[in-house]
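Novice: As input, take upload.txt (compact mmCIF, N, CA and C atoms):
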```txt
# COMPACT_ATOMS: atom_id res chain seq x y z
N MET A 1 -6.59 -10.89 -3.68
CA MET A 1 -5.61 -11.57 -2.86
C MET A 1 -4.20 -11.45 -3.46
N LYS A 2 -4.09 -11.57 -4.79
CA LYS A 2 -2.78 -11.48 -5.41
C LYS A 2 -2.18 -10.09 -5.23
N ALA A 3 -3.00 -9.07 -5.40
CA ALA A 3 -2.50 -7.70 -5.26
C ALA A 3 -2.02 -7.44 -3.84
N GLN A 4 -2.69 -8.02 -2.85
CA GLN A 4 -2.28 -7.85 -1.46
C GLN A 4 -0.92 -8.49 -1.23
N LYS A 5 -0.72 -9.69 -1.79
CA LYS A 5 0.57 -10.37 -1.66
C LYS A 5 1.69 -9.56 -2.29
N ALA A 6 1.42 -9.02 -3.47
CA ALA A 6 2.43 -8.23 -4.17
C ALA A 6 2.73 -6.94 -3.40
N THR A 7 1.69 -6.27 -2.92
CA THR A 7 1.87 -5.02 -2.18
C THR A 7 2.74 -5.24 -0.94
N TYR A 8 2.43 -6.27 -0.17
CA TYR A 8 3.22 -6.56 1.02
C TYR A 8 4.67 -6.83 0.65
N ASN A 9 4.88 -7.63 -0.39
CA ASN A 9 6.23 -7.97 -0.82
C ASN A 9 7.01 -6.73 -1.24
N ILE A 10 6.39 -5.87 -2.01
CA ILE A 10 7.06 -4.65 -2.47
C ILE A 10 7.42 -3.76 -1.29
N LEU A 11 6.47 -3.52 -0.40
CA LEU A 11 6.71 -2.61 0.73
C LEU A 11 7.71 -3.18 1.74
N SER A 12 7.58 -4.46 2.05
CA SER A 12 8.44 -5.04 3.09
C SER A 12 9.86 -5.26 2.60
N ASN A 13 10.09 -5.19 1.30
CA ASN A 13 11.44 -5.34 0.76
C ASN A 13 12.06 -4.01 0.32
N ALA A 14 11.38 -2.92 0.60
CA ALA A 14 11.88 -1.59 0.25
C ALA A 14 12.55 -0.97 1.48
N SER A 15 13.86 -0.84 1.44
CA SER A 15 14.58 -0.33 2.61
C SER A 15 14.14 1.09 2.98
N GLY A 16 13.75 1.89 2.00
CA GLY A 16 13.26 3.23 2.30
C GLY A 16 12.02 3.22 3.17
N VAL A 17 11.20 2.17 3.00
CA VAL A 17 9.99 2.01 3.81
C VAL A 17 10.33 1.41 5.16
N THR A 18 11.06 0.30 5.15
CA THR A 18 11.33 -0.41 6.41
C THR A 18 12.28 0.36 7.33
N ASP A 19 13.09 1.26 6.75
CA ASP A 19 13.93 2.10 7.61
C ASP A 19 13.08 3.00 8.50
N ILE A 20 11.87 3.31 8.06
CA ILE A 20 10.98 4.20 8.83
C ILE A 20 10.00 3.41 9.70
N VAL A 21 9.33 2.40 9.11
CA VAL A 21 8.26 1.70 9.84
C VAL A 21 8.70 0.35 10.39
N GLY A 22 9.89 -0.12 10.05
CA GLY A 22 10.33 -1.44 10.49
C GLY A 22 9.44 -2.51 9.88
N THR A 23 8.90 -3.38 10.72
CA THR A 23 8.02 -4.46 10.25
C THR A 23 6.54 -4.11 10.45
N ASN A 24 6.24 -2.87 10.77
CA ASN A 24 4.85 -2.46 11.01
C ASN A 24 4.11 -2.21 9.70
N ILE A 25 3.93 -3.28 8.93
CA ILE A 25 3.20 -3.24 7.66
C ILE A 25 2.12 -4.31 7.76
N PHE A 26 0.85 -3.89 7.75
CA PHE A 26 -0.24 -4.80 8.05
C PHE A 26 -1.35 -4.74 6.99
N PRO A 27 -2.02 -5.89 6.76
CA PRO A 27 -3.19 -5.89 5.88
C PRO A 27 -4.44 -5.44 6.65
N VAL A 28 -5.22 -4.58 6.08
CA VAL A 28 -6.56 -4.19 6.51
C VAL A 28 -6.62 -3.44 7.84
N LEU A 29 -5.96 -3.90 8.87
CA LEU A 29 -6.11 -3.34 10.21
C LEU A 29 -4.77 -3.36 10.95
N ILE A 30 -4.44 -2.27 11.59
CA ILE A 30 -3.25 -2.23 12.43
C ILE A 30 -3.63 -2.78 13.80
N PRO A 31 -2.94 -3.82 14.27
CA PRO A 31 -3.30 -4.41 15.56
C PRO A 31 -3.23 -3.39 16.70
N LYS A 32 -4.16 -3.49 17.61
CA LYS A 32 -4.22 -2.60 18.77
C LYS A 32 -2.90 -2.71 19.54
N GLY A 33 -2.39 -1.57 19.96
CA GLY A 33 -1.15 -1.56 20.73
C GLY A 33 0.10 -1.43 19.88
N THR A 34 -0.04 -1.42 18.55
CA THR A 34 1.11 -1.27 17.67
C THR A 34 1.62 0.16 17.77
N ALA A 35 2.93 0.30 17.93
CA ALA A 35 3.53 1.63 17.99
C ALA A 35 3.62 2.22 16.58
N PHE A 36 3.42 3.52 16.49
CA PHE A 36 3.57 4.21 15.20
C PHE A 36 5.04 4.60 15.04
N PRO A 37 5.51 4.69 13.83
CA PRO A 37 4.79 4.72 12.55
C PRO A 37 4.42 3.32 12.08
N ALA A 38 3.43 3.28 11.18
CA ALA A 38 2.96 2.01 10.65
C ALA A 38 2.29 2.23 9.30
N ILE A 39 2.14 1.12 8.58
CA ILE A 39 1.45 1.12 7.29
C ILE A 39 0.36 0.06 7.33
N CYS A 40 -0.79 0.41 6.76
CA CYS A 40 -1.90 -0.53 6.62
C CYS A 40 -2.32 -0.50 5.14
N TYR A 41 -2.44 -1.68 4.52
CA TYR A 41 -2.84 -1.72 3.11
C TYR A 41 -4.11 -2.54 2.95
N THR A 42 -4.97 -2.10 2.02
CA THR A 42 -6.27 -2.72 1.81
C THR A 42 -6.59 -2.74 0.32
N GLN A 43 -7.08 -3.86 -0.15
CA GLN A 43 -7.56 -3.93 -1.53
C GLN A 43 -8.99 -3.41 -1.54
N ILE A 44 -9.23 -2.32 -2.28
CA ILE A 44 -10.55 -1.69 -2.23
C ILE A 44 -11.39 -1.94 -3.47
N GLN A 45 -10.77 -2.46 -4.52
CA GLN A 45 -11.54 -2.75 -5.74
C GLN A 45 -10.68 -3.61 -6.67
N THR A 46 -11.34 -4.47 -7.43
CA THR A 46 -10.66 -5.22 -8.48
C THR A 46 -11.51 -5.20 -9.73
N GLU A 47 -10.91 -4.77 -10.82
CA GLU A 47 -11.56 -4.81 -12.13
C GLU A 47 -10.97 -5.98 -12.90
N MET A 48 -11.82 -6.92 -13.25
CA MET A 48 -11.37 -8.11 -13.96
C MET A 48 -11.65 -7.96 -15.45
N THR A 49 -10.74 -8.45 -16.25
CA THR A 49 -10.88 -8.33 -17.70
C THR A 49 -11.26 -9.69 -18.29
N ASN A 50 -12.50 -10.09 -18.05
CA ASN A 50 -12.98 -11.36 -18.59
C ASN A 50 -13.22 -11.24 -20.09
N SER A 51 -13.16 -12.38 -20.75
CA SER A 51 -13.48 -12.40 -22.18
C SER A 51 -14.56 -13.44 -22.41
N LYS A 52 -15.02 -13.52 -23.65
CA LYS A 52 -16.03 -14.54 -23.96
C LYS A 52 -15.49 -15.94 -23.77
N ASP A 53 -14.21 -16.10 -23.98
CA ASP A 53 -13.61 -17.43 -24.00
C ASP A 53 -13.02 -17.90 -22.67
N SER A 54 -12.78 -16.97 -21.76
CA SER A 54 -12.12 -17.41 -20.52
C SER A 54 -12.32 -16.39 -19.40
N ASN A 55 -11.90 -16.82 -18.22
CA ASN A 55 -11.89 -15.92 -17.07
C ASN A 55 -10.77 -14.90 -17.25
N SER A 56 -10.74 -13.94 -16.37
CA SER A 56 -9.76 -12.86 -16.43
C SER A 56 -8.34 -13.39 -16.31
N ARG A 57 -7.49 -12.94 -17.21
CA ARG A 57 -6.06 -13.25 -17.12
C ARG A 57 -5.26 -12.04 -16.67
N LEU A 58 -5.92 -10.89 -16.67
CA LEU A 58 -5.29 -9.65 -16.22
C LEU A 58 -6.30 -8.87 -15.39
N ASP A 59 -5.94 -8.61 -14.14
CA ASP A 59 -6.80 -7.85 -13.24
C ASP A 59 -6.15 -6.51 -12.93
N PHE A 60 -7.01 -5.53 -12.61
CA PHE A 60 -6.55 -4.22 -12.17
C PHE A 60 -7.08 -4.03 -10.76
N ALA A 61 -6.20 -4.14 -9.78
CA ALA A 61 -6.60 -4.04 -8.38
C ALA A 61 -6.25 -2.66 -7.85
N ARG A 62 -7.20 -2.04 -7.19
CA ARG A 62 -6.94 -0.74 -6.55
C ARG A 62 -6.60 -1.02 -5.09
N MET A 63 -5.41 -0.62 -4.71
CA MET A 63 -4.92 -0.82 -3.35
C MET A 63 -4.81 0.52 -2.65
N GLN A 64 -5.27 0.57 -1.41
CA GLN A 64 -5.08 1.76 -0.59
C GLN A 64 -3.99 1.45 0.42
N VAL A 65 -2.99 2.32 0.47
CA VAL A 65 -1.90 2.18 1.43
C VAL A 65 -1.97 3.38 2.37
N ASP A 66 -2.24 3.11 3.64
CA ASP A 66 -2.36 4.16 4.65
C ASP A 66 -1.05 4.25 5.42
N CYS A 67 -0.48 5.45 5.44
CA CYS A 67 0.75 5.73 6.15
C CYS A 67 0.37 6.50 7.41
N LEU A 68 0.71 5.97 8.58
CA LEU A 68 0.29 6.59 9.84
C LEU A 68 1.50 6.87 10.73
N GLY A 69 1.45 8.02 11.41
CA GLY A 69 2.53 8.38 12.31
C GLY A 69 2.10 9.44 13.29
N THR A 70 3.04 9.82 14.15
CA THR A 70 2.73 10.77 15.21
C THR A 70 3.07 12.21 14.84
N THR A 71 3.74 12.41 13.69
CA THR A 71 4.00 13.77 13.21
C THR A 71 3.69 13.82 11.71
N TYR A 72 3.38 15.01 11.25
CA TYR A 72 3.10 15.19 9.83
C TYR A 72 4.36 14.95 9.00
N ALA A 73 5.50 15.41 9.49
CA ALA A 73 6.76 15.18 8.77
C ALA A 73 7.03 13.69 8.61
N GLN A 74 6.73 12.93 9.64
CA GLN A 74 6.94 11.48 9.60
C GLN A 74 6.10 10.83 8.51
N VAL A 75 4.82 11.16 8.43
CA VAL A 75 3.97 10.52 7.43
C VAL A 75 4.30 11.02 6.03
N LEU A 76 4.78 12.24 5.89
CA LEU A 76 5.25 12.70 4.58
C LEU A 76 6.42 11.85 4.11
N ASN A 77 7.34 11.53 5.02
CA ASN A 77 8.49 10.68 4.67
C ASN A 77 8.06 9.26 4.33
N ILE A 78 7.11 8.73 5.10
CA ILE A 78 6.62 7.37 4.81
C ILE A 78 5.94 7.35 3.44
N ALA A 79 5.08 8.31 3.18
CA ALA A 79 4.36 8.36 1.90
C ALA A 79 5.33 8.48 0.72
N ALA A 80 6.36 9.28 0.87
CA ALA A 80 7.36 9.41 -0.20
C ALA A 80 8.07 8.09 -0.44
N ALA A 81 8.41 7.39 0.63
CA ALA A 81 9.08 6.09 0.50
C ALA A 81 8.15 5.06 -0.14
N VAL A 82 6.87 5.08 0.23
CA VAL A 82 5.89 4.16 -0.35
C VAL A 82 5.73 4.43 -1.85
N ARG A 83 5.61 5.69 -2.22
CA ARG A 83 5.48 6.05 -3.65
C ARG A 83 6.69 5.57 -4.44
N THR A 84 7.88 5.75 -3.88
CA THR A 84 9.10 5.29 -4.55
C THR A 84 9.09 3.78 -4.72
N ALA A 85 8.73 3.08 -3.65
CA ALA A 85 8.72 1.61 -3.70
C ALA A 85 7.69 1.08 -4.69
N MET A 86 6.52 1.72 -4.72
CA MET A 86 5.43 1.23 -5.57
C MET A 86 5.52 1.74 -7.01
N ASN A 87 6.54 2.52 -7.32
CA ASN A 87 6.70 3.04 -8.68
C ASN A 87 7.29 1.95 -9.58
N ILE A 88 6.43 1.02 -9.98
CA ILE A 88 6.87 -0.12 -10.78
C ILE A 88 6.36 0.07 -12.21
N THR A 89 7.29 0.27 -13.11
CA THR A 89 6.93 0.48 -14.51
C THR A 89 7.40 -0.67 -15.40
N THR A 90 8.16 -1.59 -14.83
CA THR A 90 8.63 -2.76 -15.57
C THR A 90 8.03 -4.00 -14.94
N ALA A 91 7.51 -4.89 -15.76
CA ALA A 91 6.88 -6.12 -15.25
C ALA A 91 7.88 -6.92 -14.42
N GLY A 92 7.34 -7.57 -13.39
CA GLY A 92 8.16 -8.42 -12.53
C GLY A 92 7.29 -9.33 -11.69
N VAL A 93 7.93 -10.24 -10.98
CA VAL A 93 7.22 -11.18 -10.11
C VAL A 93 7.50 -10.78 -8.66
N TYR A 94 6.42 -10.55 -7.90
CA TYR A 94 6.52 -10.13 -6.51
C TYR A 94 5.71 -11.10 -5.66
N ASN A 95 6.41 -11.90 -4.86
CA ASN A 95 5.77 -12.90 -4.02
C ASN A 95 4.89 -13.84 -4.84
N GLY A 96 5.39 -14.22 -6.03
CA GLY A 96 4.68 -15.15 -6.89
C GLY A 96 3.60 -14.53 -7.76
N VAL A 97 3.45 -13.20 -7.70
CA VAL A 97 2.42 -12.51 -8.47
C VAL A 97 3.08 -11.80 -9.65
N ASN A 98 2.56 -12.05 -10.86
CA ASN A 98 3.07 -11.39 -12.06
C ASN A 98 2.47 -9.98 -12.14
N VAL A 99 3.28 -8.99 -11.80
CA VAL A 99 2.83 -7.60 -11.81
C VAL A 99 3.29 -6.96 -13.11
N GLN A 100 2.35 -6.36 -13.83
CA GLN A 100 2.68 -5.68 -15.08
C GLN A 100 3.14 -4.25 -14.82
N ALA A 101 2.44 -3.54 -13.95
CA ALA A 101 2.77 -2.16 -13.62
C ALA A 101 1.97 -1.73 -12.40
N VAL A 102 2.42 -0.64 -11.78
CA VAL A 102 1.71 -0.03 -10.65
C VAL A 102 1.62 1.47 -10.93
N PHE A 103 0.43 2.01 -10.77
CA PHE A 103 0.20 3.43 -11.03
C PHE A 103 -0.38 4.09 -9.78
N VAL A 104 0.17 5.23 -9.39
CA VAL A 104 -0.41 5.99 -8.27
C VAL A 104 -1.65 6.70 -8.81
N GLU A 105 -2.72 6.65 -8.05
CA GLU A 105 -4.00 7.23 -8.48
C GLU A 105 -4.42 8.43 -7.65
N ASP A 106 -4.13 8.40 -6.34
CA ASP A 106 -4.72 9.39 -5.46
C ASP A 106 -3.89 9.50 -4.18
N GLU A 107 -3.95 10.67 -3.56
CA GLU A 107 -3.30 10.89 -2.27
C GLU A 107 -4.17 11.84 -1.45
N VAL A 108 -4.46 11.45 -0.19
CA VAL A 108 -5.31 12.24 0.69
C VAL A 108 -4.62 12.32 2.06
N HIS A 109 -4.65 13.51 2.68
CA HIS A 109 -4.03 13.74 3.98
C HIS A 109 -5.11 13.90 5.05
N PHE A 110 -4.86 13.26 6.23
CA PHE A 110 -5.83 13.29 7.34
C PHE A 110 -5.11 13.56 8.66
N PHE A 111 -5.88 13.95 9.64
CA PHE A 111 -5.42 14.00 11.03
C PHE A 111 -6.57 13.54 11.91
N ASP A 112 -6.30 12.62 12.82
CA ASP A 112 -7.31 12.11 13.74
C ASP A 112 -6.92 12.53 15.15
N ASP A 113 -7.63 13.49 15.70
CA ASP A 113 -7.31 13.94 17.05
C ASP A 113 -8.13 13.22 18.12
N SER A 114 -8.87 12.18 17.73
CA SER A 114 -9.64 11.43 18.71
C SER A 114 -8.87 10.21 19.23
N ALA A 115 -7.62 10.08 18.81
CA ALA A 115 -6.80 8.97 19.30
C ALA A 115 -6.51 9.15 20.78
N ASP A 116 -6.03 8.08 21.42
CA ASP A 116 -5.80 8.09 22.86
C ASP A 116 -4.66 9.01 23.30
N PHE A 117 -3.86 9.50 22.37
CA PHE A 117 -2.73 10.35 22.74
C PHE A 117 -2.85 11.65 21.96
N ASP A 118 -1.78 12.18 21.46
CA ASP A 118 -1.81 13.49 20.80
C ASP A 118 -2.45 13.48 19.41
N GLY A 119 -2.77 12.35 18.90
CA GLY A 119 -3.38 12.26 17.58
C GLY A 119 -2.53 11.47 16.61
N VAL A 120 -3.12 11.18 15.47
CA VAL A 120 -2.46 10.39 14.44
C VAL A 120 -2.57 11.13 13.12
N TYR A 121 -1.44 11.29 12.46
CA TYR A 121 -1.41 11.84 11.11
C TYR A 121 -1.47 10.67 10.14
N GLN A 122 -2.15 10.89 9.01
CA GLN A 122 -2.32 9.81 8.04
C GLN A 122 -2.30 10.37 6.62
N ILE A 123 -1.59 9.67 5.75
CA ILE A 123 -1.67 9.92 4.32
C ILE A 123 -2.09 8.62 3.68
N SER A 124 -3.20 8.67 2.92
CA SER A 124 -3.69 7.50 2.20
C SER A 124 -3.34 7.65 0.72
N LEU A 125 -2.68 6.63 0.21
CA LEU A 125 -2.29 6.58 -1.20
C LEU A 125 -3.04 5.45 -1.88
N ASP A 126 -3.61 5.72 -3.03
CA ASP A 126 -4.27 4.68 -3.82
C ASP A 126 -3.42 4.36 -5.04
N PHE A 127 -3.24 3.07 -5.27
CA PHE A 127 -2.47 2.57 -6.41
C PHE A 127 -3.32 1.60 -7.20
N THR A 128 -3.13 1.57 -8.50
CA THR A 128 -3.71 0.51 -9.33
C THR A 128 -2.58 -0.43 -9.73
N ILE A 129 -2.78 -1.71 -9.43
CA ILE A 129 -1.79 -2.73 -9.76
C ILE A 129 -2.38 -3.60 -10.86
N SER A 130 -1.73 -3.65 -12.01
CA SER A 130 -2.17 -4.59 -13.05
C SER A 130 -1.37 -5.86 -12.88
N HIS A 131 -2.08 -6.97 -12.75
CA HIS A 131 -1.41 -8.25 -12.48
C HIS A 131 -2.17 -9.40 -13.13
N GLY A 132 -1.45 -10.48 -13.32
CA GLY A 132 -2.05 -11.68 -13.91
C GLY A 132 -2.06 -12.83 -12.95
```
Show the structure stored in the file as structure tokens.

Specialist:
Amino acid sequence: MKAQKATYNILSNASGVTDIVGTNIFPVLIPKGTAFPAICYTQIQTEMTNSKDSNSRLDFARMQVDCLGTTYAQVLNIAAAVRTAMNITTAGVYNGVNVQAVFVEDEVHFFDDSADFDGVYQISLDFTISHG
């Protein structure tokens, strides 16, 4: 939950991202009828660092950020803006979440031609967010 809050805060406050997608940044599912371009983010894994003495004080959350649009050039631009926004190497507080760092892990390109119109281009980026 914390990583989701931080991810939304980082993306929605990055002008490079919002200049392209506006407010179309959604958790887990893009609502039906939403115009593209859009971003959907999902927490796909959390590794907790528990100790003998206490619960985890530092978690490593893997977040998937899906960039979707109607042209390949459009999603390339969204993905580049997302990578820039999520390139956090200095600790900070994002929407009340203490983020230590964010690391890009993976990038995959897709095309879905079964959509109701000409198709949807998608780039999925995976990030690991270390947070407390």

Novice: Hey, can you check how far atom N of Ala101 in chain A sits from CA of Thr42 in chain A?

Specialist: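 A separation of 18.0 Å between them.
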
Novice: Return the single residue from A:Ala81, A:Pro37, A:Asp19, A:Thr70 that is closest to Asp118 in chain A, with distances computed using all atoms listed in the file.

Specialist: A:Thr70

Novice: Using only C-alpha atoms, which protein or nucleic acid residues come within 12 Å of Met1 in chain A? Drop anything in the same chain fewer than 4 positions from it, and give the result as a PyMOL selection string.

Specialist: chain A and resi 5-8+27-28+41-46+59-63+95-97+129+131-132

Novice: Please measure the separation of atom C of Asp126 in chain A and atom C of Phe103 in chain A, giving the value in Å to one decimal.

Specialist: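 Interatomic distance here is 5.6 Å.
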
Novice: Please identify all polymer residues within 7 Å of Gly69 in chain A, counting all atoms listed in the file, omitting same-chain residues fewer than 2 positions from it, and present them as a short mmCIF file (atom, residue, chain, number, x, y, z; two decimals) with N, CA and C atoms, in the frame of the given file.

Specialist:
```
data_model
loop_
_atom_site.label_atom_id
_atom_site.label_comp_id
_atom_site.auth_asym_id
_atom_site.auth_seq_id
_atom_site.Cartn_x
_atom_site.Cartn_y
_atom_site.Cartn_z
N PHE A 36 3.42 3.52 16.49
CA PHE A 36 3.57 4.21 15.20
C PHE A 36 5.04 4.60 15.04
N PRO A 37 5.51 4.69 13.83
CA PRO A 37 4.79 4.72 12.55
C PRO A 37 4.42 3.32 12.08
N ALA A 38 3.43 3.28 11.18
CA ALA A 38 2.96 2.01 10.65
C ALA A 38 2.29 2.23 9.30
N CYS A 67 -0.48 5.45 5.44
CA CYS A 67 0.75 5.73 6.15
C CYS A 67 0.37 6.50 7.41
N THR A 71 3.74 12.41 13.69
CA THR A 71 4.00 13.77 13.21
C THR A 71 3.69 13.82 11.71
N TYR A 72 3.38 15.01 11.25
CA TYR A 72 3.10 15.19 9.83
C TYR A 72 4.36 14.95 9.00
N GLN A 74 6.73 12.93 9.64
CA GLN A 74 6.94 11.48 9.60
C GLN A 74 6.10 10.83 8.51
N VAL A 75 4.82 11.16 8.43
CA VAL A 75 3.97 10.52 7.43
C VAL A 75 4.30 11.02 6.03
N GLY A 119 -2.77 12.35 18.90
CA GLY A 119 -3.38 12.26 17.58
C GLY A 119 -2.53 11.47 16.61
N VAL A 120 -3.12 11.18 15.47
CA VAL A 120 -2.46 10.39 14.44
C VAL A 120 -2.57 11.13 13.12
N TYR A 121 -1.44 11.29 12.46
CA TYR A 121 -1.41 11.84 11.11
C TYR A 121 -1.47 10.67 10.14
N GLN A 122 -2.15 10.89 9.01
CA GLN A 122 -2.32 9.81 8.04
C GLN A 122 -2.30 10.37 6.62
N ILE A 123 -1.59 9.67 5.75
CA ILE A 123 -1.67 9.92 4.32
C ILE A 123 -2.09 8.62 3.68
#
```

Novice: Run DSSP on the backbone and tell me which residues of chain A come out as strand (DSSP E or B); list them as a ChimeraX atom specification.

Specialist: /A:25-27,38-48,59-69,92-94,97-112,120-131

Novice: What is the atom N of Ile10 in chain A to atom C of Thr34 in chain A distance in Å?

Specialist: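 Going from atom N of Ile10 in chain A over to atom C of Thr34 in chain A, I get 21.2 Å.
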
Novice: For Asn13 in chain A, which of A:Gln64, A:Ala85, A:Ile30, A:Ala80 is the closest residue, counting only N, CA and C atoms?

Specialist: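 Among A:Gln64, A:Ala85, A:Ile30, A:Ala80, it is A:Ala85 that comes nearest to Asn13 in chain A.
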
Novice: Place a sphere of radius 7 Å on (-5.1, 14.8, 4.4) in the file coordinates and name every protein, DNA or RNA residue with an atom inside or on its surface, counting only N, CA and C atoms; give the answer as number ranges by chain.

Specialist: A: 107-111, 122-124

Novice: Nearest to Ala35 in chain A: which of A:Val21, A:Ala73, A:Met48, A:Val104 is it, counting only C-alpha atoms?

Specialist: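 Answer, going by the shortest atom-to-atom distance: A:Val21.
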
Novice: For range 39-108 of chain A of the structure just presented, write C-alpha atoms to a file, as a PDB file, in the first residue's frame.

Specialist:
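Written file, decode.pdb:
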```
ATOM      1  CA  ILE A  39      -0.854   4.883 -17.005  1.00  0.00           C
ATOM      2  CA  CYS A  40      -1.813   1.973 -14.776  1.00  0.00           C
ATOM      3  CA  TYR A  41       0.366   0.973 -11.801  1.00  0.00           C
ATOM      4  CA  THR A  42       0.239  -2.244  -9.775  1.00  0.00           C
ATOM      5  CA  GLN A  43       2.189  -3.563  -6.821  1.00  0.00           C
ATOM      6  CA  ILE A  44       3.227  -7.054  -7.887  1.00  0.00           C
ATOM      7  CA  GLN A  45       5.465  -8.135  -5.009  1.00  0.00           C
ATOM      8  CA  THR A  46       6.763  -7.001  -1.636  1.00  0.00           C
ATOM      9  CA  GLU A  47       9.853  -8.361   0.060  1.00  0.00           C
ATOM     10  CA  MET A  48       9.825  -7.592   3.764  1.00  0.00           C
ATOM     11  CA  THR A  49      12.987  -7.472   5.834  1.00  0.00           C
ATOM     12  CA  ASN A  50      11.802  -8.872   9.150  1.00  0.00           C
ATOM     13  CA  SER A  51      14.221  -9.487  11.974  1.00  0.00           C
ATOM     14  CA  LYS A  52      14.138 -11.636  15.080  1.00  0.00           C
ATOM     15  CA  ASP A  53      13.276  -8.616  17.172  1.00  0.00           C
ATOM     16  CA  SER A  54      10.664  -6.807  15.104  1.00  0.00           C
ATOM     17  CA  ASN A  55       8.533  -6.564  12.016  1.00  0.00           C
ATOM     18  CA  SER A  56       9.945  -5.168   8.800  1.00  0.00           C
ATOM     19  CA  ARG A  57      11.131  -1.580   8.939  1.00  0.00           C
ATOM     20  CA  LEU A  58      12.302  -1.600   5.331  1.00  0.00           C
ATOM     21  CA  ASP A  59      10.336  -3.161   2.488  1.00  0.00           C
ATOM     22  CA  PHE A  60      11.258  -3.672  -1.155  1.00  0.00           C
ATOM     23  CA  ALA A  61       8.133  -3.348  -3.288  1.00  0.00           C
ATOM     24  CA  ARG A  62       8.121  -4.269  -6.961  1.00  0.00           C
ATOM     25  CA  MET A  63       5.814  -1.956  -8.864  1.00  0.00           C
ATOM     26  CA  GLN A  64       4.710  -2.427 -12.452  1.00  0.00           C
ATOM     27  CA  VAL A  65       3.889   0.762 -14.335  1.00  0.00           C
ATOM     28  CA  ASP A  66       2.040   0.194 -17.612  1.00  0.00           C
ATOM     29  CA  CYS A  67       2.209   2.985 -20.181  1.00  0.00           C
ATOM     30  CA  LEU A  68      -0.581   2.739 -22.766  1.00  0.00           C
ATOM     31  CA  GLY A  69      -1.311   4.742 -25.889  1.00  0.00           C
ATOM     32  CA  THR A  70      -2.553   4.679 -29.449  1.00  0.00           C
ATOM     33  CA  THR A  71       0.879   4.965 -31.106  1.00  0.00           C
ATOM     34  CA  TYR A  72       4.238   3.393 -30.394  1.00  0.00           C
ATOM     35  CA  ALA A  73       5.917   6.810 -30.371  1.00  0.00           C
ATOM     36  CA  GLN A  74       3.442   7.965 -27.732  1.00  0.00           C
ATOM     37  CA  VAL A  75       4.171   5.085 -25.346  1.00  0.00           C
ATOM     38  CA  LEU A  76       7.920   5.497 -25.879  1.00  0.00           C
ATOM     39  CA  ASN A  77       7.553   9.110 -24.707  1.00  0.00           C
ATOM     40  CA  ILE A  78       5.415   8.111 -21.721  1.00  0.00           C
ATOM     41  CA  ALA A  79       7.873   5.380 -20.695  1.00  0.00           C
ATOM     42  CA  ALA A  80      10.805   7.797 -20.929  1.00  0.00           C
ATOM     43  CA  ALA A  81       8.956  10.324 -18.759  1.00  0.00           C
ATOM     44  CA  VAL A  82       8.047   7.613 -16.219  1.00  0.00           C
ATOM     45  CA  ARG A  83      11.671   6.418 -16.020  1.00  0.00           C
ATOM     46  CA  THR A  84      12.845   9.991 -15.451  1.00  0.00           C
ATOM     47  CA  ALA A  85      10.241  10.592 -12.749  1.00  0.00           C
ATOM     48  CA  MET A  86      10.927   7.303 -10.970  1.00  0.00           C
ATOM     49  CA  ASN A  87      14.713   7.765 -11.045  1.00  0.00           C
ATOM     50  CA  ILE A  88      14.983   8.450  -7.318  1.00  0.00           C
ATOM     51  CA  THR A  89      18.445   7.959  -5.876  1.00  0.00           C
ATOM     52  CA  THR A  90      18.125  10.264  -2.863  1.00  0.00           C
ATOM     53  CA  ALA A  91      15.834   9.411   0.050  1.00  0.00           C
ATOM     54  CA  GLY A  92      12.687  11.490   0.368  1.00  0.00           C
ATOM     55  CA  VAL A  93       9.081  11.500   1.554  1.00  0.00           C
ATOM     56  CA  TYR A  94       6.402  10.965  -1.098  1.00  0.00           C
ATOM     57  CA  ASN A  95       2.779  11.170   0.028  1.00  0.00           C
ATOM     58  CA  GLY A  96       3.876  10.345   3.586  1.00  0.00           C
ATOM     59  CA  VAL A  97       6.011   7.361   2.529  1.00  0.00           C
ATOM     60  CA  ASN A  98       9.736   7.335   3.369  1.00  0.00           C
ATOM     61  CA  VAL A  99      11.327   6.229   0.096  1.00  0.00           C
ATOM     62  CA  GLN A 100      14.998   5.270   0.217  1.00  0.00           C
ATOM     63  CA  ALA A 101      15.499   4.677  -3.515  1.00  0.00           C
ATOM     64  CA  VAL A 102      13.802   3.468  -6.693  1.00  0.00           C
ATOM     65  CA  PHE A 103      15.489   1.144  -9.182  1.00  0.00           C
ATOM     66  CA  VAL A 104      14.282   0.241 -12.676  1.00  0.00           C
ATOM     67  CA  GLU A 105      14.287  -3.540 -13.070  1.00  0.00           C
ATOM     68  CA  ASP A 106      12.634  -4.429 -16.364  1.00  0.00           C
ATOM     69  CA  GLU A 107      10.979  -3.065 -19.505  1.00  0.00           C
ATOM     70  CA  VAL A 108       8.702  -5.004 -21.884  1.00  0.00           C
TER      71      VAL A 108
END
```
